[in-house]
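Structure file my_file_3.cif (mmCIF, C-alpha atoms) is printed below.
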data_my_file
loop_
_atom_site.label_atom_id
_atom_site.label_comp_id
_atom_site.auth_asym_id
_atom_site.auth_seq_id
_atom_site.Cartn_x
_atom_site.Cartn_y
_atom_site.Cartn_z
CA MET A 1 -23.28 7.92 -19.88
CA GLN A 2 -21.24 9.68 -22.54
CA LEU A 3 -18.98 11.21 -19.92
CA LEU A 4 -18.55 7.93 -18.03
CA SER A 5 -17.53 6.18 -21.25
CA SER A 6 -14.47 8.44 -21.41
CA ALA A 7 -13.34 7.76 -17.85
CA ALA A 8 -9.57 7.46 -17.52
CA ASN A 9 -9.10 6.81 -13.82
CA TYR A 10 -10.62 7.61 -10.47
CA PHE A 11 -9.73 8.48 -6.88
CA MET A 12 -11.54 9.02 -3.57
CA VAL A 13 -11.52 12.09 -1.31
CA ASP A 14 -13.73 12.24 1.80
CA ASN A 15 -16.23 9.66 0.57
CA GLN A 16 -16.48 11.38 -2.82
CA LEU A 17 -15.59 9.60 -6.08
CA TYR A 18 -13.67 11.70 -8.60
CA ILE A 19 -13.44 10.44 -12.20
CA ASN A 20 -10.86 11.90 -14.57
CA LEU A 21 -11.99 12.06 -18.19
CA ILE A 22 -9.84 11.21 -21.18
CA ASP A 23 -11.59 13.38 -23.73
CA ASP A 24 -11.50 16.83 -22.18
CA ALA A 25 -9.39 16.41 -19.02
CA GLY A 26 -12.47 17.26 -16.96
CA VAL A 27 -13.44 15.69 -13.65
CA ILE A 28 -16.75 14.21 -12.48
CA ARG A 29 -17.50 14.23 -8.73
CA LEU A 30 -19.92 11.66 -7.34
CA GLY A 31 -21.16 11.36 -3.75
CA PRO A 32 -23.06 8.62 -1.89
CA ALA A 33 -26.64 8.13 -3.09
CA GLY A 34 -29.18 10.06 -1.04
CA GLU A 35 -26.60 12.33 0.61
CA THR A 36 -25.81 15.98 0.07
CA ALA A 37 -22.06 16.17 0.67
CA ASP A 38 -19.91 19.21 1.20
CA VAL A 39 -17.36 19.89 -1.48
CA PRO A 40 -13.97 18.87 -0.02
CA ASP A 41 -11.24 21.45 0.30
CA ALA A 42 -9.64 22.19 -3.08
CA ASP A 43 -6.15 21.62 -1.69
CA ALA A 44 -7.16 18.20 -0.34
CA VAL A 45 -8.60 17.25 -3.73
CA ALA A 46 -5.48 18.46 -5.52
CA ALA A 47 -3.21 16.58 -3.10
CA ALA A 48 -5.24 13.39 -3.45
CA GLU A 49 -5.27 13.67 -7.23
CA ALA A 50 -1.50 14.23 -7.29
CA ALA A 51 -0.96 11.24 -5.00
CA GLN A 52 -3.25 9.11 -7.16
CA LEU A 53 -1.39 10.17 -10.30
CA ALA A 54 1.98 9.41 -8.70
CA ALA A 55 0.72 5.98 -7.63
CA MET A 56 -0.59 5.32 -11.14
CA VAL A 57 2.73 6.22 -12.77
CA ALA A 58 4.60 4.08 -10.24
CA GLY A 59 2.23 1.22 -11.01
CA ILE A 60 2.95 1.45 -14.74
CA LYS A 61 6.71 1.26 -14.13
CA ALA A 62 6.57 -1.31 -11.33
CA ASN A 63 7.05 -4.43 -13.44
CA PRO A 64 7.00 -5.80 -17.00
CA TRP A 65 3.60 -6.44 -18.60
CA LYS A 66 2.51 -9.41 -20.72
CA TRP A 67 -0.14 -9.02 -23.42
CA THR A 68 -3.14 -11.21 -22.61
CA SER A 69 -5.93 -10.00 -24.89
CA PHE A 70 -7.32 -7.18 -26.96
CA GLY A 71 -10.86 -6.27 -27.80
CA SER A 72 -13.29 -3.82 -29.26
CA ALA A 73 -17.05 -3.45 -29.35
CA ASP A 74 -17.15 -6.17 -32.00
CA GLU A 75 -14.68 -8.79 -30.79
CA GLN A 76 -12.53 -10.03 -27.94
CA VAL A 77 -9.33 -11.90 -28.75
CA THR A 78 -7.23 -13.89 -26.28
CA VAL A 79 -3.49 -13.98 -26.90
CA GLU A 80 -2.34 -17.59 -27.03
CA ASP A 81 1.10 -17.11 -25.47
CA PRO A 82 1.13 -13.92 -23.34
CA ALA A 83 4.70 -14.47 -22.13
CA SER A 84 5.92 -14.03 -25.72
CA TYR A 85 4.62 -10.46 -25.90
CA THR A 86 5.87 -8.18 -23.15
CA VAL A 87 6.63 -4.52 -22.60
CA THR A 88 8.55 -2.82 -19.79
CA PHE A 89 8.20 0.89 -19.04
CA ASN A 90 11.63 1.87 -17.70
CA GLU A 91 12.21 4.78 -15.34
CA ASP A 92 14.28 6.65 -17.96
CA GLY A 93 11.42 6.80 -20.48
CA THR A 94 12.59 3.89 -22.62
CA LEU A 95 10.73 0.70 -23.49
CA ASP A 96 11.95 -2.89 -23.63
CA ILE A 97 9.71 -4.91 -25.93
CA LYS A 98 9.52 -8.60 -26.69
CA ALA A 99 7.32 -9.35 -29.71
CA ASP A 100 7.37 -13.13 -30.03
CA CYS A 101 10.64 -14.01 -31.79
CA ASN A 102 11.60 -10.36 -32.25
CA ASP A 103 12.94 -7.78 -29.84
CA ALA A 104 12.35 -4.05 -30.04
CA SER A 105 12.91 -0.91 -28.04
CA GLY A 106 11.25 2.45 -27.94
CA THR A 107 10.45 5.52 -25.88
CA TYR A 108 7.37 6.80 -24.12
CA THR A 109 6.14 9.98 -22.48
CA LEU A 110 3.34 10.17 -19.95
CA ASP A 111 0.90 13.02 -19.44
CA GLY A 112 -1.34 11.78 -16.67
CA ALA A 113 -2.85 8.57 -18.03
CA ASN A 114 -2.18 9.62 -21.61
CA VAL A 115 0.87 8.15 -23.27
CA SER A 116 2.83 8.68 -26.48
CA ILE A 117 4.84 5.66 -27.62
CA ALA A 118 7.49 5.60 -30.32
CA ILE A 119 8.59 2.11 -31.43
CA GLU A 120 12.10 1.83 -32.83
CA PRO A 121 12.93 -0.74 -35.54
CA ALA A 122 12.60 -4.31 -34.32
CA THR A 123 14.69 -7.32 -35.19
CA LEU A 124 13.50 -8.97 -38.40
CA ALA A 125 13.30 -12.65 -37.52
CA ALA A 126 10.58 -14.61 -39.27
CA CYS A 127 8.26 -15.79 -36.52
CA ALA A 128 5.84 -18.70 -36.82
CA GLY A 129 2.83 -18.27 -39.08
CA ASP A 130 0.40 -17.63 -36.23
CA SER A 131 2.65 -15.02 -34.61
CA ARG A 132 1.14 -11.70 -33.54
CA SER A 133 4.52 -9.94 -33.55
CA GLU A 134 3.64 -7.25 -36.10
CA GLN A 135 0.16 -6.75 -34.68
CA PHE A 136 1.55 -6.33 -31.17
CA LEU A 137 4.03 -3.66 -32.24
CA GLN A 138 1.38 -1.85 -34.29
CA LEU A 139 -1.17 -1.79 -31.47
CA LEU A 140 1.46 -0.80 -28.92
CA GLY A 141 2.57 2.15 -31.04
CA ASP A 142 -1.07 3.27 -31.38
CA THR A 143 -1.69 3.27 -27.61
CA ALA A 144 -3.46 6.38 -26.31
CA SER A 145 -3.36 5.78 -22.56
CA VAL A 146 -2.24 3.25 -19.97
CA LEU A 147 -4.28 2.52 -16.86
CA PRO A 148 -2.96 0.10 -14.21
CA LEU A 149 -5.56 -1.53 -11.99
CA GLU A 150 -5.10 -4.46 -9.59
CA GLY A 151 -2.32 -6.21 -11.47
CA GLN A 152 -3.70 -5.42 -14.93
CA LEU A 153 -2.88 -2.73 -17.46
CA PHE A 154 -5.50 -1.37 -19.86
CA ALA A 155 -4.22 0.33 -23.01
CA PRO A 156 -6.89 1.91 -25.26
CA SER A 157 -5.75 2.73 -28.79
CA LYS A 158 -5.86 6.10 -30.54
CA THR A 159 -7.39 5.01 -33.85
CA GLU A 160 -8.37 1.33 -33.76
CA GLY A 161 -11.19 1.63 -31.25
CA SER A 162 -9.74 -1.33 -29.38
CA THR A 163 -8.09 -1.89 -26.01
CA MET A 164 -5.05 -4.03 -25.26
CA MET A 165 -5.05 -5.77 -21.89
CA PHE A 166 -1.92 -6.79 -20.03
CA GLU A 167 -1.14 -8.65 -16.82
CA ALA A 168 1.78 -7.85 -14.58
CA VAL A 169 4.80 -10.11 -14.86
CA ILE A 170 5.36 -10.76 -11.17
CA THR A 171 8.56 -12.26 -9.80
CA THR A 172 7.76 -14.79 -7.08
CA VAL A 173 9.91 -16.70 -4.64
CA VAL A 174 9.68 -19.73 -6.95
CA ASP A 175 11.34 -17.74 -9.74
CA LEU A 176 14.19 -16.86 -7.39
CA CYS A 177 14.58 -20.02 -5.32
CA GLY A 178 12.73 -22.83 -7.10
CA GLU A 179 9.72 -24.95 -6.16
CA GLN A 180 11.38 -26.06 -2.93
CA ALA A 181 10.69 -22.57 -1.58
CA LEU A 182 7.03 -23.56 -1.29
CA ALA A 183 7.76 -26.29 1.23
CA ILE A 184 5.57 -25.87 4.30
CA ASN A 185 7.25 -25.81 7.70
CA THR A 186 4.99 -27.07 10.48
CA VAL A 187 5.31 -26.20 14.14
CA GLU A 188 1.81 -27.24 15.17
CA ASP A 189 -1.29 -28.55 13.40
CA THR A 190 -4.15 -30.13 15.35
CA LEU A 191 -6.98 -29.12 13.03
CA ALA A 192 -8.99 -31.49 10.86
CA PRO A 193 -7.03 -32.57 7.76
CA GLU A 194 -9.48 -31.00 5.31
CA ILE A 195 -9.29 -27.65 7.15
CA SER A 196 -5.49 -27.81 7.26
CA ALA A 197 -5.36 -28.51 3.53
CA MET A 198 -7.41 -25.38 2.80
CA LEU A 199 -5.21 -23.32 5.09
CA ASP A 200 -2.09 -24.70 3.40
CA GLN A 201 -3.42 -23.45 0.05
CA GLY A 202 -4.10 -20.02 1.52
CA LEU A 203 -0.64 -19.87 3.06
CA VAL A 204 1.10 -20.70 -0.22
CA SER A 205 -1.07 -18.16 -2.08
CA LEU A 206 0.48 -15.39 0.02
CA VAL A 207 3.82 -15.97 -1.72
CA GLN A 208 2.46 -16.94 -5.13
CA GLU A 209 -0.50 -14.73 -5.96
CA GLY A 210 -1.52 -11.09 -6.04
CA ALA A 211 0.24 -7.98 -7.26
CA HIS A 212 2.86 -8.08 -4.49
CA PRO A 213 3.46 -11.66 -3.31
CA GLY A 214 5.79 -11.90 -0.33
CA PRO A 215 9.01 -13.91 -0.16
CA GLY A 216 7.65 -15.82 2.83
CA ALA A 217 4.71 -15.96 5.23
CA SER A 218 3.75 -17.45 8.58
CA MET A 219 0.21 -18.28 9.66
CA LEU A 220 -1.02 -18.86 13.22
CA ILE A 221 -4.67 -19.77 13.81
CA ILE A 222 -6.06 -20.65 17.23
CA THR A 223 -9.56 -22.12 17.45
CA PRO A 224 -11.52 -24.20 19.98
CA GLU A 225 -11.04 -27.14 17.60
CA GLY A 226 -7.26 -26.87 17.43
CA ARG A 227 -4.26 -24.82 16.36
CA TYR A 228 -2.43 -24.24 13.08
CA PHE A 229 1.07 -22.73 13.01
CA LYS A 230 3.04 -23.04 9.76
CA SER A 231 5.20 -21.07 7.35
CA THR A 232 6.34 -21.19 3.75
CA GLY A 233 8.77 -19.29 1.55
CA VAL A 234 12.21 -17.96 2.39
CA ALA A 235 13.77 -15.56 4.87
CA ASP A 236 16.27 -14.22 2.33
CA VAL A 237 15.81 -14.31 -1.46
CA THR A 238 19.57 -14.14 -2.02
CA THR A 239 20.42 -17.23 0.04
CA CYS A 240 16.98 -18.91 -0.23
CA GLU A 241 17.16 -19.83 3.45
CA PRO A 242 13.74 -21.23 4.48
CA LEU A 243 11.63 -18.92 6.61
CA PRO A 244 11.43 -20.11 10.24
CA THR A 245 7.82 -20.33 11.31
CA ASP A 246 8.48 -18.41 14.53
CA SER A 247 10.23 -15.50 12.80
CA PRO A 248 9.49 -12.08 14.33
CA TYR A 249 7.39 -9.69 12.24
CA GLN A 250 6.64 -6.02 12.40
CA ILE A 251 2.98 -5.82 13.34
CA GLY A 252 2.27 -2.34 11.99
CA SER A 253 -1.12 -0.89 12.78
CA ASN A 254 -2.11 -3.70 15.13
CA THR A 255 -0.32 -1.51 17.65
CA LYS A 256 -3.12 1.06 17.36
CA MET A 257 -5.26 -1.12 19.62
CA MET A 258 -2.48 -1.08 22.20
CA THR A 259 -2.11 2.69 21.90
CA SER A 260 -5.86 3.11 22.43
CA ALA A 261 -5.80 0.79 25.45
CA MET A 262 -3.00 2.79 27.07
CA ILE A 263 -4.86 6.07 26.51
CA PHE A 264 -7.93 4.65 28.27
CA GLN A 265 -5.76 3.28 31.07
CA LEU A 266 -4.41 6.78 31.62
CA GLN A 267 -7.95 8.18 31.61
CA GLU A 268 -9.00 5.62 34.25
CA GLU A 269 -5.99 6.67 36.32
CA GLY A 270 -7.06 10.31 36.12
CA VAL A 271 -3.92 11.35 34.23
CA LEU A 272 -5.75 12.61 31.15
CA ALA A 273 -9.21 12.72 29.56
CA THR A 274 -10.11 11.84 26.00
CA SER A 275 -11.85 15.21 25.82
CA ASP A 276 -8.50 16.97 26.35
CA LEU A 277 -7.32 19.17 23.52
CA LEU A 278 -4.16 18.16 21.69
CA SER A 279 -2.76 21.57 22.63
CA LYS A 280 -2.89 20.67 26.33
CA TRP A 281 -0.29 17.94 25.87
CA LEU A 282 1.60 18.92 22.72
CA PRO A 283 1.18 22.69 22.36
CA GLU A 284 3.97 23.26 19.84
CA LEU A 285 2.83 20.51 17.49
CA ALA A 286 -0.80 21.58 17.86
CA ALA A 287 0.16 25.12 16.88
CA ALA A 288 1.97 23.86 13.77
CA LEU A 289 -0.82 21.56 12.52
CA PRO A 290 -3.86 22.70 10.52
CA ASN A 291 -6.78 23.16 12.97
CA GLY A 292 -4.48 21.82 15.70
CA ASP A 293 -6.13 23.99 18.36
CA GLN A 294 -9.50 22.24 17.78
CA ILE A 295 -8.37 18.62 17.90
CA THR A 296 -9.11 16.42 20.92
CA ILE A 297 -7.64 13.10 22.00
CA ASP A 298 -10.98 11.45 21.21
CA MET A 299 -10.78 12.71 17.61
CA LEU A 300 -7.30 11.22 17.27
CA LEU A 301 -8.57 7.87 18.58
CA THR A 302 -11.56 7.78 16.22
CA HIS A 303 -9.90 9.19 13.07
CA THR A 304 -12.18 12.23 13.09
CA SER A 305 -9.50 14.92 13.54
CA GLY A 306 -9.22 15.68 9.82
CA LEU A 307 -5.43 15.33 10.02
CA HIS A 308 -4.01 14.22 6.70
CA ASP A 309 -2.05 10.96 6.66
CA TYR A 310 1.71 11.45 6.27
CA PHE A 311 2.08 8.35 4.09
CA ASP A 312 1.31 10.05 0.77
CA LEU A 313 2.98 13.39 1.48
CA PRO A 314 6.49 14.26 0.27
CA THR A 315 9.23 14.28 2.89
CA GLU A 316 11.97 16.90 2.82
CA ASP A 317 13.75 15.14 -0.07
CA GLY A 318 10.54 14.87 -2.11
CA ALA A 319 10.03 11.11 -1.66
CA THR A 320 6.88 9.69 -0.07
CA ILE A 321 6.79 7.00 2.59
CA GLU A 322 4.18 4.97 0.70
CA ASN A 323 6.76 4.39 -2.06
CA GLY A 324 8.77 2.25 0.37
CA THR A 325 7.50 -0.89 -1.36
CA LYS A 326 9.43 0.16 -4.48
CA ASP A 327 12.13 2.49 -3.12
CA LYS A 328 14.63 0.56 -0.99
CA ALA A 329 16.17 3.76 0.37
CA MET A 330 12.78 4.80 1.71
CA LEU A 331 12.01 1.29 2.92
CA THR A 332 15.08 1.27 5.17
CA ARG A 333 14.86 4.92 6.23
CA THR A 334 13.70 5.80 9.74
CA PHE A 335 11.80 8.81 11.05
CA THR A 336 11.16 10.16 14.50
CA PRO A 337 7.51 10.70 15.45
CA GLU A 338 8.08 14.45 15.41
CA GLU A 339 9.46 14.30 11.86
CA LEU A 340 6.35 12.47 10.67
CA VAL A 341 4.04 15.02 12.24
CA GLN A 342 6.13 17.83 10.73
CA VAL A 343 5.54 16.39 7.25
CA VAL A 344 1.81 16.98 7.75
CA ALA A 345 2.37 20.40 9.33
CA ASP A 346 4.52 21.48 6.38
CA SER A 347 1.83 20.38 3.90
CA GLY A 348 -0.82 22.58 5.52
CA LEU A 349 -3.42 19.96 4.53
CA SER A 350 -6.52 19.18 6.56
CA ASP A 351 -9.03 16.73 5.11
CA PHE A 352 -11.97 18.28 7.00
CA GLU A 353 -12.80 20.31 10.08
CA PRO A 354 -12.00 18.45 13.32
CA GLY A 355 -15.06 16.58 14.57
CA ALA A 356 -17.18 17.52 11.55
CA GLU A 357 -20.45 15.60 11.64
CA GLY A 358 -20.39 12.42 9.58
CA ARG A 359 -16.74 12.83 8.58
CA TRP A 360 -14.07 10.18 9.12
CA LYS A 361 -10.75 9.36 7.49
CA TYR A 362 -8.05 6.92 8.55
CA SER A 363 -4.99 8.79 9.75
CA ASN A 364 -1.72 7.31 10.96
CA THR A 365 -0.75 10.85 11.91
CA GLY A 366 -3.28 10.84 14.73
CA TYR A 367 -1.83 7.73 16.30
CA ILE A 368 1.71 9.08 16.13
CA LEU A 369 0.41 12.02 18.16
CA LEU A 370 -1.28 9.66 20.64
CA GLY A 371 2.05 7.92 21.19
CA LEU A 372 3.67 11.28 21.93
CA ILE A 373 0.84 12.15 24.33
CA ILE A 374 1.41 8.87 26.20
CA GLU A 375 5.10 9.74 26.55
CA LYS A 376 4.33 13.29 27.72
CA ALA A 377 1.66 12.17 30.20
CA THR A 378 3.78 9.43 31.80
CA GLY A 379 7.32 10.73 31.47
CA ARG A 380 8.28 7.35 30.00
CA SER A 381 8.95 6.24 26.45
CA TYR A 382 6.24 4.66 24.35
CA GLU A 383 8.21 1.41 24.39
CA GLU A 384 8.49 1.42 28.19
CA ASN A 385 4.75 2.00 28.46
CA LEU A 386 4.03 -0.89 26.10
CA GLN A 387 6.21 -3.18 28.14
CA ALA A 388 4.69 -2.23 31.49
CA ARG A 389 1.08 -1.70 30.46
CA VAL A 390 0.52 -4.31 27.74
CA PHE A 391 3.21 -6.94 27.30
CA GLU A 392 4.06 -7.83 30.89
CA PRO A 393 0.43 -8.08 32.07
CA LEU A 394 -0.42 -10.29 29.08
CA GLY A 395 2.76 -12.36 29.19
CA LEU A 396 3.78 -11.35 25.67
CA ALA A 397 7.33 -11.33 24.32
CA ALA A 398 8.24 -8.53 21.92
CA ASP A 399 11.12 -6.73 20.30
CA LEU A 400 10.89 -2.98 20.82
CA PRO A 401 12.56 -0.30 18.66
CA ALA A 402 14.29 1.36 21.61
CA ASP A 403 18.03 0.94 22.04
CA GLY A 404 19.26 -0.70 18.86
CA PRO A 405 18.47 -3.27 16.20
CA ALA A 406 16.00 -5.79 17.49
CA ARG A 407 16.50 -9.54 17.63
CA GLY A 408 16.43 -11.00 14.13
CA GLY A 409 16.80 -7.58 12.52
CA CYS A 410 13.15 -6.90 13.12
CA ALA A 411 13.32 -3.22 14.00
CA ALA A 412 15.78 -0.38 14.35
CA PRO A 413 16.00 2.80 16.43
CA GLY A 414 13.76 5.69 15.49
CA LEU A 415 11.05 3.64 13.82
CA LEU A 416 7.41 4.61 13.94
CA HIS A 417 5.50 4.32 17.17
CA HIS A 418 3.52 1.45 15.69
CA THR A 419 6.49 -0.64 14.51
CA LEU A 420 7.53 -3.53 16.74
CA CYS A 421 7.69 -7.31 16.63
CA LEU A 422 5.74 -9.91 18.53
CA HIS A 423 6.84 -13.49 19.02
CA HIS A 424 4.97 -16.72 19.50
CA GLU A 425 6.61 -18.15 22.60
#

Mind turning this structure into structure tokens?
Amino acid sequence: MQLLSSAANYFMVDNQLYINLIDDAGVIRLGPAGETADVPDADAVAAAEAAQLAAMVAGIKANPWKWTSFGSADEQVTVEDPASYTVTFNEDGTLDIKADCNDASGTYTLDGANVSIAIEPATLAACAGDSRSEQFLQLLGDTASVLPLEGQLFAPSKTEGSTMMFEAVITTVVDLCGEQALAINTVEDTLAPEISAMLDQGLVSLVQEGAHPGPGASMLIITPEGRYFKSTGVADVTTCEPLPTDSPYQIGSNTKMMTSAMIFQLQEEGVLATSDLLSKWLPELAAALPNGDQITIDMLLTHTSGLHDYFDLPTEDGATIENGTKDKAMLTRTFTPEELVQVVADSGLSDFEPGAEGRWKYSNTGYILLGLIIEKATGRSYEENLQARVFEPLGLAADLPADGPARGGCAAPGLLHHTLCLHHE
């Protein structure tokens, strides 16, 4: 209990929970109750911890924070006007601080979750009698660590035995385009009014709530009782143009089901077998990947190959793909499938032995390889196979990232094998 009380943050590796400790920089490892788990590879643990730390630091800097409460073992105090007390951790190590009627600046340095904050002199306006301006600056300067978690920031103090709590200041489409951005565009609605009203609330919440609300959203629901097809928000936050309900969207990992279906089609046709080794179809990539000579197609399908996911690994310029939500250059950058696999090969990381009993970990890398196997086995591009084997038989319309920017700017050449757009037509 004493160790758990000094927990700073945590991360998962291979179904094991690792807890970093504030007091002595030690780490606790916990496994599922009733199971004797193998100790994961030290490199995998180090990589996961580094990725978790990078994500934590990015989370601290992602947006301004408003002070909502502070508490100790003896009391819990709610801040009356959180928007009057904010702090922003800038990328250059400086702070922008609003303390009620006063403004201040400062600097900070991070060492893992631990932080050192230096507050520079604030303006000296006389705030209202119930202002917490001085208290806010004092507590902020005494902060020992900062821990972001699901849109909140926890900031324990060094000497006061208290913790400040913040909420993220999130910019929504209403802030950028006004309340009219929440207008709901209806293409079809034949459900009961009370059901539609609940769905309307859920649709609007997609652009209003959560740590990363979207600028716009469409929702299509098909039931035996009727259909619901509506949108809200905007297509462009600079022009505030309303989002058309039938806008094309990248469907991401939904394509994994299509990839799996095509693999099994090829097995039924006698072209390949899911028991085939990766090296049979992609010998050069198999030779470059950790344990690549032991991986089968079935392991790629079921996420049991042990291949590390490329999302949290640094590319050749040091940036990670998962930072695309915050790094526009990464968000608009494209990679070939081979480049993505090479990122994993260069890391040398394997999360566990291929096919190890009881081991499983989601891996986009495996499905990139499956797409390449489909191309190798058929002599046709992944996009051509999708068109012939999935879309045409099902009567679907789609934009494919093959020969140029897709209709509506949905996709561009060289995108991932699982990036395309489907349309409701």

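The shortest atom-to-atom distance to Glu75 in chain A, with only C-alpha atoms taken into account, belongs to A:Thr163 out of A:Asn102, A:Thr163, A:Ser363, A:Thr109.
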
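Here the PyMOL selection byres ((chain A and resi 372) around 9) matches the residues Trp281, Leu282, Pro337, Glu338, Tyr367, Ile368, Leu369, Leu370, Gly371, Ile373, Ile374, Glu375, Lys376, Ala377, Ser381, Tyr382 and His417 of chain A.
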
| request: Identify, on the basis of all atoms listed in the file, every residue whose closest approach to Leu95 in chain A does not exceed 6 Å; exclude the query and any residue fewer than 2 positions from it along the same chain; express the result as a PyMOL selection string. | output: chain A and resi 88-90+105-107

Produce a file of the selected residues containing C-alpha atoms, as an mmCIF file, in the coordinates of the input.
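New file selection_39.cif:
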data_model
loop_
_atom_site.group_PDB
_atom_site.id
_atom_site.type_symbol
_atom_site.label_atom_id
_atom_site.label_comp_id
_atom_site.auth_asym_id
_atom_site.auth_seq_id
_atom_site.Cartn_x
_atom_site.Cartn_y
_atom_site.Cartn_z
ATOM 1 C CA THR A 88 8.550 -2.820 -19.790
ATOM 2 C CA PHE A 89 8.200 0.890 -19.040
ATOM 3 C CA ASN A 90 11.630 1.870 -17.700
ATOM 4 C CA SER A 105 12.910 -0.910 -28.040
ATOM 5 C CA GLY A 106 11.250 2.450 -27.940
ATOM 6 C CA THR A 107 10.450 5.520 -25.880
#

Test item: residues at most 10 Å from Ser205 in chain A, all atoms listed in the file, excluding those fewer than 5 positions along its chain, as a CSV table (one decimal) with C-alpha atoms, in the frame of the given file:
chain,number,residue,atom,x,y,z
A,182,LEU,CA,7.0,-23.6,-1.3
A,199,LEU,CA,-5.2,-23.3,5.1
A,200,ASP,CA,-2.1,-24.7,3.4
A,210,GLY,CA,-1.5,-11.1,-6.0
A,213,PRO,CA,3.5,-11.7,-3.3
A,214,GLY,CA,5.8,-11.9,-0.3
A,217,ALA,CA,4.7,-16.0,5.2
A,232,THR,CA,6.3,-21.2,3.8

task = Could you tell me which residues the PyMOL selection byres ((chain A and resi 364) around 12) grabs in this file, written as a PyMOL selection string?
result = chain A and resi 252-256+259+300-312+321+337+340-341+344+361-363+365-371+416-419

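Across A:Asp81, A:Glu91, A:Asp175, A:Glu339, the tightest approach to Ser133 in chain A is made by A:Asp81 when counting only C-alpha atoms.
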
message: Selection in question (the file shown): the PyMOL selection byres ((chain A and resi 240-246) around 6). Which residues does it include, as an MDAnalysis selection string?
response: chainID A and resid 177 218 230:231 233:239 247

Those selected residues, please, written with C-alpha atoms and delivered as a compact mmCIF listing (two decimals), in the frame of the given file.
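The result, written out as part32.txt:
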# COMPACT_ATOMS: atom_id res chain seq x y z
CA CYS A 177 14.58 -20.02 -5.32
CA SER A 218 3.75 -17.45 8.58
CA LYS A 230 3.04 -23.04 9.76
CA SER A 231 5.20 -21.07 7.35
CA GLY A 233 8.77 -19.29 1.55
CA VAL A 234 12.21 -17.96 2.39
CA ALA A 235 13.77 -15.56 4.87
CA ASP A 236 16.27 -14.22 2.33
CA VAL A 237 15.81 -14.31 -1.46
CA THR A 238 19.57 -14.14 -2.02
CA THR A 239 20.42 -17.23 0.04
CA SER A 247 10.23 -15.50 12.80

Pairwise distance, CA of Asn291 in chain A with CA of Thr274 in chain A, equals 17.6 Å

- [ ] Identify, on the basis of all atoms listed in the file, every residue whose closest approach to Gly112 in chain A does not exceed 8 Å; exclude the query and any residue fewer than 3 positions from it along the same chain; express the result as number ranges by chain.
- [x] A: 53, 57, 115

CA of Leu206 in chain A sits from CA of Met219 in chain A at a separation of 10.1 Å

Using only C-alpha atoms, what residues lie at most 12 Å away from (1.1, 12.3, -10.2) (file coordinates), given as a count of residues only?
24

Among A:Gln294, A:Thr68, A:Thr378, A:Asn323, Leu272 in chain A is approached most closely, using only C-alpha atoms, by A:Thr378

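With all atoms listed in the file as the atoms that count, the minimum distance from Thr334 in chain A to the choices A:Thr190, A:Gln152, A:Ser350, A:Thr315 is reached by A:Thr315.
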
From CA of Tyr85 in chain A to CA of Glu167 in chain A the spacing works out at 10.9 Å

Non-local contacts of range 142-148 of chain A (6 Å; all atoms listed in the file; under 2 positions in same chain excluded) as a PDB file with C-alpha atoms, keeping the file's coordinate frame:
ATOM      1  CA  ALA A 113      -2.850   8.570 -18.030  1.00  0.00           C
ATOM      2  CA  ASN A 114      -2.180   9.620 -21.610  1.00  0.00           C
ATOM      3  CA  VAL A 115       0.870   8.150 -23.270  1.00  0.00           C
ATOM      4  CA  LEU A 139      -1.170  -1.790 -31.470  1.00  0.00           C
ATOM      5  CA  LEU A 140       1.460  -0.800 -28.920  1.00  0.00           C
ATOM      6  CA  GLN A 152      -3.700  -5.420 -14.930  1.00  0.00           C
ATOM      7  CA  LEU A 153      -2.880  -2.730 -17.460  1.00  0.00           C
ATOM      8  CA  PHE A 154      -5.500  -1.370 -19.860  1.00  0.00           C
ATOM      9  CA  ALA A 155      -4.220   0.330 -23.010  1.00  0.00           C
ATOM     10  CA  PRO A 156      -6.890   1.910 -25.260  1.00  0.00           C
ATOM     11  CA  SER A 157      -5.750   2.730 -28.790  1.00  0.00           C
ATOM     12  CA  LYS A 158      -5.860   6.100 -30.540  1.00  0.00           C
TER      13      LYS A 158
END

Counting all atoms listed in the file, closest pick from A:Glu134, A:Leu285, A:Ala104, A:Val207 relative to Pro121 in chain A is A:Ala104

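Nearest to Pro64 in chain A of all the residues A:Ala168, A:Ala125, A:Val174, A:Val187 is A:Ala168, counting all atoms listed in the file.
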